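Below is one structure, written out as C-alpha cells; the observations come after it.
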Amino acid sequence: MANKRNGKKRGFIDPIEQLPEFYDTESRVAVLGHPIHAMSVAFPIALTFTLLGADLLYWWTGDAFWARAGVWSAGGGFLLGLVAGLSGTAELLLVAGIRARTAAWSHFILAVLLLALLGVNWGYRLSDYEAVVLPYGLLLSIFCVIMVSVTGWHGGKLVFDYRLGAKKGS
C-alpha cells in the first residue's frame, strides 16, 4: 500500500490501480441513475432468509403450510436471484473499474455458487415439499443463509468501501 512519509511514496504500488479505467466505476445498468443490481438483490436475500424461517417453523409446528411457503420462497429467491445476477454480471462485464477489482470477481463467484445452491434447494423441494424439509432441506437452507450473508457482505464492501456502481461525486 502506498503511503506518504516526508513527501515520498513508499510501499507497494498496484499497477492495475494506475490504469485510467480503474476509477471508472459508475453503474451502466441503471434506471434513472439507480443501479438495477443494487435494487434487485434485496428480494433474493429476503426470500433466502424467509426460506430458513419457513423450514424452522415447519420443524416446530409440523404444519404443511410452512413447507409450501418454503417451496415458494426457494423458487422466488432463485428466480429473482437470476434477475439480480444478470444485472450484476452485466455491470461486471460492462464497467472496466469493476472488472479490474479482484473483490468484484470474488463476489461474482460467490453469487453464482449461491444461485446454484438456491436452485438445488428449490428443485429438491418440488417433488414432495413436505417430506424433504427435514433434515436436508433445513440444512440446505442454513447453508444458503450463510452463503447469502457472505456474498452480501462482499457486495456491500464493494459498494460502501470502493464506491462501485455509485455516481461520481456522490
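Here, A, B, ... name the chains of the C-alpha cells in the order displayed, residue numbers run from 1 inside each chain, and ligands are numbered from 1 in the same displayed order.
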Residues of region 84-136 of chain A at most 9 Å from region 46-55 of chain A: nearest atom pair and distance in Å, only C-alpha atoms, as a tab-separated table:
residue	atom	partner	partner_atom	distance
A:Leu118	CA	A:Thr48	CA	8.0
A:Val133	CA	A:Asp55	CA	6.4
A:Leu134	CA	A:Asp55	CA	8.1
Excluding Ala116 (chain A) and any residue of its chain fewer than 2 positions from it, enumerate the residues within 12 Å of it, using only C-alpha atoms, and give them as a list in words.
Ala74, Gly75, Gly77, Phe78, Leu79, Gly81, Leu82, Gly85, Ile109, Leu110, Ala111, Val112, Leu113, Leu114, Leu118, Gly119, Val120, Asn121, Trp122, Gly123, Leu140, Phe143, Cys144, Met147 and Val148 of chain A
Which of region 21-157 of chain A counts as alpha helix (DSSP H) under DSSP, as a ChimeraX atom specification please?
/A:36-40,42-61,64-94,96-99,102-126,138-157
List the spatial neighbours of Asp24 (chain A) as a PyMOL selection string - criterion: any atom at most 8 Å away, only C-alpha atoms, same-chain residues fewer than 2 positions off excluded.
chain A and resi 20-22+26+95-98
Include C-alpha atoms and write out the residues we just selected as a PDB file, in the first residue's frame.
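Output file part.pdb follows:
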ATOM      1  CA  PRO A  20      -7.127   5.212 -16.167  1.00  0.00           C
ATOM      2  CA  GLU A  21     -10.226   2.956 -16.294  1.00  0.00           C
ATOM      3  CA  PHE A  22      -9.627   1.727 -12.725  1.00  0.00           C
ATOM      4  CA  GLU A  26     -20.274   4.275 -12.314  1.00  0.00           C
ATOM      5  CA  VAL A  95     -17.673  -1.395 -16.312  1.00  0.00           C
ATOM      6  CA  ALA A  96     -13.882  -1.582 -16.510  1.00  0.00           C
ATOM      7  CA  GLY A  97     -13.305  -0.254 -12.996  1.00  0.00           C
ATOM      8  CA  ILE A  98     -15.455  -3.026 -11.544  1.00  0.00           C
TER       9      ILE A  98
END
